[in-house]
>>> print(open('my_file-v1.cif').read())   # mmCIF, C-alpha atoms, pLDDT in the B column; chains and numbers go by the auth columns
data_start
#
loop_
_atom_site.group_PDB
_atom_site.id
_atom_site.type_symbol
_atom_site.label_atom_id
_atom_site.label_comp_id
_atom_site.label_asym_id
_atom_site.label_seq_id
_atom_site.Cartn_x
_atom_site.Cartn_y
_atom_site.Cartn_z
_atom_site.B_iso_or_equiv
_atom_site.auth_seq_id
_atom_site.auth_asym_id
ATOM 1 C CA VAL A 1 -20.911 15.670 -5.645 60.00 1 Y
ATOM 2 C CA LEU A 2 -22.369 12.885 -7.815 65.00 2 Y
ATOM 3 C CA PRO A 3 -24.179 9.813 -6.478 72.00 3 Y
ATOM 4 C CA LYS A 4 -21.908 6.831 -5.807 79.00 4 Y
ATOM 5 C CA GLU A 5 -23.505 4.682 -8.503 84.00 5 Y
ATOM 6 C CA TYR A 6 -21.685 6.795 -11.107 89.00 6 Y
ATOM 7 C CA THR A 7 -18.119 5.741 -11.858 93.00 7 Y
ATOM 8 C CA TRP A 8 -15.586 6.297 -14.581 94.00 8 Y
ATOM 9 C CA ALA A 9 -16.165 3.849 -17.427 94.00 9 Y
ATOM 10 C CA ARG A 10 -13.482 1.150 -17.466 92.00 10 Y
ATOM 11 C CA LYS A 11 -10.475 1.969 -19.681 93.00 11 Y
ATOM 12 C CA ASP A 12 -12.034 5.338 -20.582 95.00 12 Y
ATOM 13 C CA ASP A 13 -11.103 8.870 -19.559 95.00 13 Y
ATOM 14 C CA LYS A 14 -14.029 10.747 -21.116 94.00 14 Y
ATOM 15 C CA HIS A 15 -17.140 8.773 -20.124 94.00 15 Y
ATOM 16 C CA LEU A 16 -18.992 7.761 -17.007 95.00 16 Y
ATOM 17 C CA ALA A 17 -20.807 4.530 -16.255 94.00 17 Y
ATOM 18 C CA ARG A 18 -23.776 3.568 -14.142 91.00 18 Y
ATOM 19 C CA ASP A 19 -24.582 -0.027 -13.262 87.00 19 Y
ATOM 20 C CA GLY A 20 -21.928 -1.200 -15.715 86.00 20 Y
ATOM 21 C CA ARG A 21 -23.352 0.762 -18.674 93.00 21 Y
ATOM 22 C CA THR A 22 -21.378 3.578 -20.299 95.00 22 Y
ATOM 23 C CA LEU A 23 -23.443 6.757 -20.386 93.00 23 Y
ATOM 24 C CA ALA A 24 -23.972 8.832 -23.509 92.00 24 Y
ATOM 25 C CA ASP A 25 -22.705 12.425 -23.427 87.00 25 Y
ATOM 26 C CA ALA A 26 -26.261 13.757 -23.103 87.00 26 Y
ATOM 27 C CA GLU A 27 -26.814 11.575 -20.012 88.00 27 Y
ATOM 28 C CA VAL A 28 -23.628 12.922 -18.435 86.00 28 Y
ATOM 29 C CA GLN A 29 -24.599 16.522 -19.177 83.00 29 Y
ATOM 30 C CA ALA A 30 -27.978 15.899 -17.515 83.00 30 Y
ATOM 31 C CA LEU A 31 -26.111 15.185 -14.275 83.00 31 Y
ATOM 32 C CA PHE A 32 -25.054 18.821 -14.192 83.00 32 Y
ATOM 33 C CA SER A 33 -28.526 20.034 -13.299 84.00 33 Y
ATOM 34 C CA ASP A 34 -29.505 23.526 -12.199 86.00 34 Y
ATOM 35 C CA ASP A 35 -29.184 22.361 -8.578 86.00 35 Y
ATOM 36 C CA PHE A 36 -25.658 21.099 -9.251 85.00 36 Y
ATOM 37 C CA ARG A 37 -24.703 24.359 -10.968 85.00 37 Y
ATOM 38 C CA THR A 38 -26.193 26.402 -8.124 87.00 38 Y
ATOM 39 C CA GLY A 39 -24.342 24.372 -5.524 84.00 39 Y
ATOM 40 C CA ILE A 40 -21.017 24.447 -7.324 86.00 40 Y
ATOM 41 C CA GLY A 41 -21.570 28.139 -8.087 85.00 41 Y
ATOM 42 C CA ARG A 42 -21.132 28.896 -4.379 87.00 42 Y
ATOM 43 C CA SER A 43 -17.595 27.498 -4.508 88.00 43 Y
ATOM 44 C CA ALA A 44 -14.626 29.739 -5.149 84.00 44 Y
ATOM 45 C CA ASP A 45 -12.450 26.718 -5.952 91.00 45 Y
ATOM 46 C CA VAL A 46 -13.540 23.457 -7.568 93.00 46 Y
ATOM 47 C CA ILE A 47 -11.540 20.256 -7.872 94.00 47 Y
ATOM 48 C CA GLY A 48 -11.973 17.481 -10.420 94.00 48 Y
ATOM 49 C CA VAL A 49 -10.501 14.207 -9.185 94.00 49 Y
ATOM 50 C CA GLY A 50 -9.137 11.444 -11.398 96.00 50 Y
ATOM 51 C CA VAL A 51 -8.680 7.847 -10.250 95.00 51 Y
ATOM 52 C CA ALA A 52 -8.080 4.470 -11.879 95.00 52 Y
ATOM 53 C CA SER A 53 -8.813 0.947 -10.691 92.00 53 Y
ATOM 54 C CA GLN A 54 -6.172 -1.647 -9.939 93.00 54 Y
ATOM 55 C CA GLU A 55 -6.194 -3.391 -13.339 91.00 55 Y
ATOM 56 C CA GLY A 56 -3.360 -2.622 -15.723 90.00 56 Y
ATOM 57 C CA ASP A 57 0.057 -0.999 -15.579 93.00 57 Y
ATOM 58 C CA VAL A 58 0.522 1.675 -12.906 93.00 58 Y
ATOM 59 C CA VAL A 59 2.094 4.187 -15.318 95.00 59 Y
ATOM 60 C CA GLU A 60 -0.669 3.781 -17.898 96.00 60 Y
ATOM 61 C CA GLU A 61 -3.428 3.898 -15.287 95.00 61 Y
ATOM 62 C CA SER A 62 -1.912 6.927 -13.522 96.00 62 Y
ATOM 63 C CA GLY A 63 -1.964 8.677 -16.894 97.00 63 Y
ATOM 64 C CA ARG A 64 -5.609 7.695 -17.323 97.00 64 Y
ATOM 65 C CA ALA A 65 -6.374 9.089 -13.853 97.00 65 Y
ATOM 66 C CA ALA A 66 -4.688 12.373 -14.839 97.00 66 Y
ATOM 67 C CA ARG A 67 -6.827 12.566 -17.987 97.00 67 Y
ATOM 68 C CA ARG A 68 -9.953 11.833 -15.930 97.00 68 Y
ATOM 69 C CA ALA A 69 -9.038 14.711 -13.604 97.00 69 Y
ATOM 70 C CA LEU A 70 -8.661 16.918 -16.684 96.00 70 Y
ATOM 71 C CA THR A 71 -12.080 15.818 -17.991 95.00 71 Y
ATOM 72 C CA ALA A 72 -13.763 16.386 -14.607 94.00 72 Y
ATOM 73 C CA GLY A 73 -12.047 19.770 -14.328 93.00 73 Y
ATOM 74 C CA GLY A 74 -13.435 20.706 -17.741 92.00 74 Y
ATOM 75 C CA TRP A 75 -16.947 19.739 -16.690 91.00 75 Y
ATOM 76 C CA LEU A 76 -16.554 21.811 -13.525 91.00 76 Y
ATOM 77 C CA ALA A 77 -15.171 24.814 -15.419 90.00 77 Y
ATOM 78 C CA THR A 78 -18.191 24.695 -17.724 87.00 78 Y
ATOM 79 C CA ALA A 79 -20.666 24.222 -14.867 86.00 79 Y
ATOM 80 C CA ARG A 80 -19.059 26.873 -12.683 84.00 80 Y
ATOM 81 C CA GLY A 81 -18.383 29.453 -15.378 78.00 81 Y
ATOM 82 C CA GLU A 82 -16.064 32.422 -15.110 76.00 82 Y
ATOM 83 C CA GLY A 83 -14.326 33.299 -11.879 74.00 83 Y
ATOM 84 C CA ALA A 84 -13.722 29.863 -10.394 77.00 84 Y
ATOM 85 C CA LEU A 85 -10.320 28.454 -9.683 90.00 85 Y
ATOM 86 C CA VAL A 86 -10.403 24.960 -11.167 94.00 86 Y
ATOM 87 C CA TRP A 87 -8.000 22.321 -9.887 95.00 87 Y
ATOM 88 C CA GLN A 88 -7.222 18.797 -11.027 96.00 88 Y
ATOM 89 C CA LEU A 89 -6.267 16.097 -8.534 96.00 89 Y
ATOM 90 C CA ASN A 90 -4.711 12.911 -9.874 96.00 90 Y
ATOM 91 C CA LEU A 91 -4.936 10.153 -7.272 95.00 91 Y
ATOM 92 C CA GLY A 92 -3.572 7.612 -9.745 95.00 92 Y
ATOM 93 C CA GLN A 93 -4.198 3.882 -9.681 95.00 93 Y
ATOM 94 C CA TYR A 94 -5.835 1.978 -6.840 93.00 94 Y
ATOM 95 C CA LYS A 95 -3.302 -0.188 -5.033 90.00 95 Y
ATOM 96 C CA GLY A 96 -4.386 -3.826 -4.963 75.00 96 Y
ATOM 97 C CA THR A 97 -2.664 -4.141 -1.580 76.00 97 Y
ATOM 98 C CA CYS A 98 -5.429 -2.138 0.111 80.00 98 Y
ATOM 99 C CA ALA A 99 -8.095 -4.280 1.730 67.00 99 Y
ATOM 100 C CA SER A 100 -11.417 -4.601 -0.050 64.00 100 Y
ATOM 101 C CA ALA A 101 -14.566 -6.613 0.493 55.00 101 Y
ATOM 102 C CA ASP A 102 -15.311 -7.040 -3.231 58.00 102 Y
ATOM 103 C CA LYS A 103 -12.595 -8.821 -5.214 59.00 103 Y
ATOM 104 C CA GLY A 104 -14.584 -9.022 -8.475 72.00 104 Y
ATOM 105 C CA ASP A 105 -16.070 -5.730 -9.634 83.00 105 Y
ATOM 106 C CA THR A 106 -13.596 -2.859 -9.313 87.00 106 Y
ATOM 107 C CA SER A 107 -15.890 -0.022 -10.420 88.00 107 Y
ATOM 108 C CA TRP A 108 -15.973 1.268 -6.809 87.00 108 Y
ATOM 109 C CA GLN A 109 -12.246 2.013 -7.227 90.00 109 Y
ATOM 110 C CA ARG A 110 -13.151 4.556 -9.974 92.00 110 Y
ATOM 111 C CA PRO A 111 -15.575 6.930 -8.242 91.00 111 Y
ATOM 112 C CA VAL A 112 -16.450 10.226 -9.874 91.00 112 Y
ATOM 113 C CA ILE A 113 -15.384 12.899 -7.416 90.00 113 Y
ATOM 114 C CA MET A 114 -15.842 16.643 -7.778 91.00 114 Y
ATOM 115 C CA VAL A 115 -15.157 18.935 -4.860 90.00 115 Y
ATOM 116 C CA GLY A 116 -16.419 22.431 -4.203 89.00 116 Y
ATOM 117 C CA VAL A 117 -14.438 24.554 -1.749 89.00 117 Y
ATOM 118 C CA ARG A 118 -16.806 26.985 -0.092 85.00 118 Y
ATOM 119 C CA GLU A 119 -14.211 28.826 1.972 86.00 119 Y
ATOM 120 C CA LYS A 120 -10.516 28.637 2.765 87.00 120 Y
ATOM 121 C CA ASP A 121 -8.019 30.560 4.839 88.00 121 Y
ATOM 122 C CA GLU A 122 -5.622 32.940 3.146 90.00 122 Y
ATOM 123 C CA GLY A 123 -2.456 31.152 2.045 90.00 123 Y
ATOM 124 C CA VAL A 124 -3.793 27.635 2.660 90.00 124 Y
ATOM 125 C CA ASN A 125 -2.238 24.810 0.658 91.00 125 Y
ATOM 126 C CA LEU A 126 -5.414 23.411 -0.857 90.00 126 Y
ATOM 127 C CA GLY A 127 -3.828 20.054 -1.744 89.00 127 Y
ATOM 128 C CA GLU A 128 -2.636 19.473 1.813 90.00 128 Y
ATOM 129 C CA ALA A 129 -5.983 20.557 3.236 89.00 129 Y
ATOM 130 C CA LEU A 130 -7.873 18.203 0.919 89.00 130 Y
ATOM 131 C CA GLY A 131 -5.490 15.343 1.695 88.00 131 Y
ATOM 132 C CA ASP A 132 -6.045 15.892 5.417 87.00 132 Y
ATOM 133 C CA ALA A 133 -9.819 16.097 4.919 84.00 133 Y
ATOM 134 C CA MET A 134 -9.817 12.773 3.031 84.00 134 Y
ATOM 135 C CA THR A 135 -7.909 10.933 5.747 83.00 135 Y
ATOM 136 C CA GLY A 136 -9.981 8.479 7.734 79.00 136 Y
ATOM 137 C CA LYS A 137 -13.272 9.112 5.898 77.00 137 Y
ATOM 138 C CA SER A 138 -15.333 6.082 4.887 74.00 138 Y
ATOM 139 C CA ASN A 139 -17.105 7.939 2.071 72.00 139 Y
ATOM 140 C CA LEU A 140 -13.910 9.192 0.379 77.00 140 Y
ATOM 141 C CA PRO A 141 -11.017 7.286 -1.138 82.00 141 Y
ATOM 142 C CA SER A 142 -7.986 6.946 1.095 82.00 142 Y
ATOM 143 C CA ARG A 143 -5.011 8.690 -0.427 83.00 143 Y
ATOM 144 C CA ASP A 144 -2.894 5.813 0.917 86.00 144 Y
ATOM 145 C CA CYS A 145 -4.755 3.386 -1.375 89.00 145 Y
ATOM 146 C CA TYR A 146 -3.868 5.207 -4.602 92.00 146 Y
ATOM 147 C CA SER A 147 -0.511 5.608 -6.334 94.00 147 Y
ATOM 148 C CA ASN A 148 -0.452 9.432 -6.632 94.00 148 Y
ATOM 149 C CA PHE A 149 -1.600 12.624 -5.019 94.00 149 Y
ATOM 150 C CA THR A 150 -0.799 15.308 -7.560 94.00 150 Y
ATOM 151 C CA MET A 151 -2.869 18.485 -7.655 95.00 151 Y
ATOM 152 C CA GLU A 152 -2.463 21.319 -10.111 94.00 152 Y
ATOM 153 C CA ARG A 153 -4.430 24.311 -11.245 93.00 153 Y
ATOM 154 C CA ARG A 154 -6.258 23.964 -14.552 87.00 154 Y
ATOM 155 C CA GLN A 155 -4.964 26.322 -17.185 76.00 155 Y
#
>>> encode(input="my_file-v1.cif", output="structure tokens")
Amino acid sequence: VLPKEYTWARKDDKHLARDGRTLADAEVQALFSDDFRTGIGRSADVIGVGVASQEGDVVEESGRAARRALTAGGWLATARGEGALVWQLNLGQYKGTCASADKGDTSWQRPVIMVGVREKDEGVNLGEALGDAMTGKSNLPSRDCYSNFTMERRQ
């Protein structure tokens, strides 16, 4: 939903970064424009995704990814308003064993991902459907390259 130049700020579960600079809260709120709210408003379900880059301990970073999913879910709940089912997907920490072209900057391993589900079949397992949809896509993180795939409904 957000442009790829926005990532989660390193070692932070509440703030975003752009070009290596942590954004102020007002800058983040500006991302949720009327167009964004209109677009996400057409979604019955919304999913905030949390990820962490390969630096650090897998347990600590998986926890950070879970908190990022919680933060993104909160932003989506606010933007979407009443009536939406809000989900949180924790992909966990990026696995350093996955191939990458850039060995220095790891910000690309912390994309900000928010998903709007426009329609779904009755009884569909949304987590499985999303996992299948992410498979083999060059513009989405591979679930095989992250340590988790845990999705739960926001309370």
>>> resolve_selection(input="my_file-v1.cif", expression="the PyMOL selection byres ((chain Y and resi 62) around 10)", output="PDB file with C-alpha atoms, keeping the file's coordinate frame")
ATOM      1  CA  GLY Y  50      -9.137  11.444 -11.398  1.00 96.00           C
ATOM      2  CA  VAL Y  51      -8.680   7.847 -10.250  1.00 95.00           C
ATOM      3  CA  ALA Y  52      -8.080   4.470 -11.879  1.00 95.00           C
ATOM      4  CA  SER Y  53      -8.813   0.947 -10.691  1.00 92.00           C
ATOM      5  CA  GLY Y  56      -3.360  -2.622 -15.723  1.00 90.00           C
ATOM      6  CA  ASP Y  57       0.057  -0.999 -15.579  1.00 93.00           C
ATOM      7  CA  VAL Y  58       0.522   1.675 -12.906  1.00 93.00           C
ATOM      8  CA  VAL Y  59       2.094   4.187 -15.318  1.00 95.00           C
ATOM      9  CA  GLU Y  60      -0.669   3.781 -17.898  1.00 96.00           C
ATOM     10  CA  GLU Y  61      -3.428   3.898 -15.287  1.00 95.00           C
ATOM     11  CA  GLY Y  63      -1.964   8.677 -16.894  1.00 97.00           C
ATOM     12  CA  ARG Y  64      -5.609   7.695 -17.323  1.00 97.00           C
ATOM     13  CA  ALA Y  65      -6.374   9.089 -13.853  1.00 97.00           C
ATOM     14  CA  ALA Y  66      -4.688  12.373 -14.839  1.00 97.00           C
ATOM     15  CA  ARG Y  67      -6.827  12.566 -17.987  1.00 97.00           C
ATOM     16  CA  ARG Y  68      -9.953  11.833 -15.930  1.00 97.00           C
ATOM     17  CA  ASN Y  90      -4.711  12.911  -9.874  1.00 96.00           C
ATOM     18  CA  LEU Y  91      -4.936  10.153  -7.272  1.00 95.00           C
ATOM     19  CA  GLY Y  92      -3.572   7.612  -9.745  1.00 95.00           C
ATOM     20  CA  GLN Y  93      -4.198   3.882  -9.681  1.00 95.00           C
ATOM     21  CA  TYR Y  94      -5.835   1.978  -6.840  1.00 93.00           C
ATOM     22  CA  TYR Y 146      -3.868   5.207  -4.602  1.00 92.00           C
ATOM     23  CA  SER Y 147      -0.511   5.608  -6.334  1.00 94.00           C
ATOM     24  CA  ASN Y 148      -0.452   9.432  -6.632  1.00 94.00           C
TER      25      ASN Y 148
END
>>> closest_residue(input="my_file-v1.cif", among="Y:Pro111, Y:Gly116, Y:Pro141, Y:Gly123", to="Pro3 of chain Y", atoms="all atoms listed in the file")
Y:Pro111
>>> closest_residue(input="my_file-v1.cif", among="Y:Ser43, Y:Asn125, Y:Gln54, Y:Gln109", to="Glu82 of chain Y", atoms="only C-alpha atoms")
Y:Ser43
>>> atom_distance(input="my_file-v1.cif", atom1="atom CA of Ala24 of chain Y", atom2="atom CA of Val112 of chain Y")
15.6 Å
>>> resolve_selection(input="my_file-v1.cif", expression="the PyMOL selection byres ((chain Y and resi 88) around 6)", output="JSON, numbers by chain")
{"Y": [47, 48, 49, 69, 73, 87, 89, 151, 152]}
>>> write_last_selection(input="my_file-v1.cif", atoms="C-alpha atoms", output="compact mmCIF listing (two decimals), in the coordinates of the input")
# COMPACT_ATOMS: atom_id res chain seq x y z
CA ILE Y 47 -11.54 20.26 -7.87
CA GLY Y 48 -11.97 17.48 -10.42
CA VAL Y 49 -10.50 14.21 -9.18
CA ALA Y 69 -9.04 14.71 -13.60
CA GLY Y 73 -12.05 19.77 -14.33
CA TRP Y 87 -8.00 22.32 -9.89
CA LEU Y 89 -6.27 16.10 -8.53
CA MET Y 151 -2.87 18.48 -7.66
CA GLU Y 152 -2.46 21.32 -10.11
>>> closest_residue(input="my_file-v1.cif", among="Y:Ile40, Y:Met134, Y:Ala9, Y:Ala79", to="Arg21 of chain Y", atoms="only C-alpha atoms")
Y:Ala9
>>> axis_aligned_box(input="my_file-v1.cif", around="segment 23-41 of chain Y", padding_each_side="4 Å", output="AutoDock Vina command-line options")
--center_x -25.3 --center_y 17.4 --center_z -14.5 --size_x 16.5 --size_y 29.4 --size_z 26.0
>>> atom_distance(input="my_file-v1.cif", atom1="atom CA of Arg143 of chain Y", atom2="atom CA of Thr97 of chain Y")
13.1 Å
>>> atom_distance(input="my_file-v1.cif", atom1="atom CA of Arg10 of chain Y", atom2="atom CA of Ala26 of chain Y")
18.8 Å
>>> resolve_selection(input="my_file-v1.cif", expression="the PyMOL selection byres ((chain Y and resi 22) around 10)", output="PDB file with C-alpha atoms, in the frame of the given file")
ATOM      1  CA  TYR Y   6     -21.685   6.795 -11.107  1.00 89.00           C
ATOM      2  CA  THR Y   7     -18.119   5.741 -11.858  1.00 93.00           C
ATOM      3  CA  TRP Y   8     -15.586   6.297 -14.581  1.00 94.00           C
ATOM      4  CA  ALA Y   9     -16.165   3.849 -17.427  1.00 94.00           C
ATOM      5  CA  ARG Y  10     -13.482   1.150 -17.466  1.00 92.00           C
ATOM      6  CA  ASP Y  12     -12.034   5.338 -20.582  1.00 95.00           C
ATOM      7  CA  HIS Y  15     -17.140   8.773 -20.124  1.00 94.00           C
ATOM      8  CA  LEU Y  16     -18.992   7.761 -17.007  1.00 95.00           C
ATOM      9  CA  ALA Y  17     -20.807   4.530 -16.255  1.00 94.00           C
ATOM     10  CA  ARG Y  18     -23.776   3.568 -14.142  1.00 91.00           C
ATOM     11  CA  ASP Y  19     -24.582  -0.027 -13.262  1.00 87.00           C
ATOM     12  CA  GLY Y  20     -21.928  -1.200 -15.715  1.00 86.00           C
ATOM     13  CA  ARG Y  21     -23.352   0.762 -18.674  1.00 93.00           C
ATOM     14  CA  LEU Y  23     -23.443   6.757 -20.386  1.00 93.00           C
ATOM     15  CA  ALA Y  24     -23.972   8.832 -23.509  1.00 92.00           C
ATOM     16  CA  ASP Y  25     -22.705  12.425 -23.427  1.00 87.00           C
ATOM     17  CA  GLU Y  27     -26.814  11.575 -20.012  1.00 88.00           C
ATOM     18  CA  VAL Y  28     -23.628  12.922 -18.435  1.00 86.00           C
TER      19      VAL Y  28
END
>>> closest_residue(input="my_file-v1.cif", among="Y:Ala30, Y:Leu70, Y:Val115, Y:Val86", to="Leu140 of chain Y", atoms="all atoms listed in the file")
Y:Val115
>>> closest_residue(input="my_file-v1.cif", among="Y:Ala44, Y:Ala72, Y:Ile113, Y:Val124", to="Ala84 of chain Y", atoms="all atoms listed in the file")
Y:Ala44
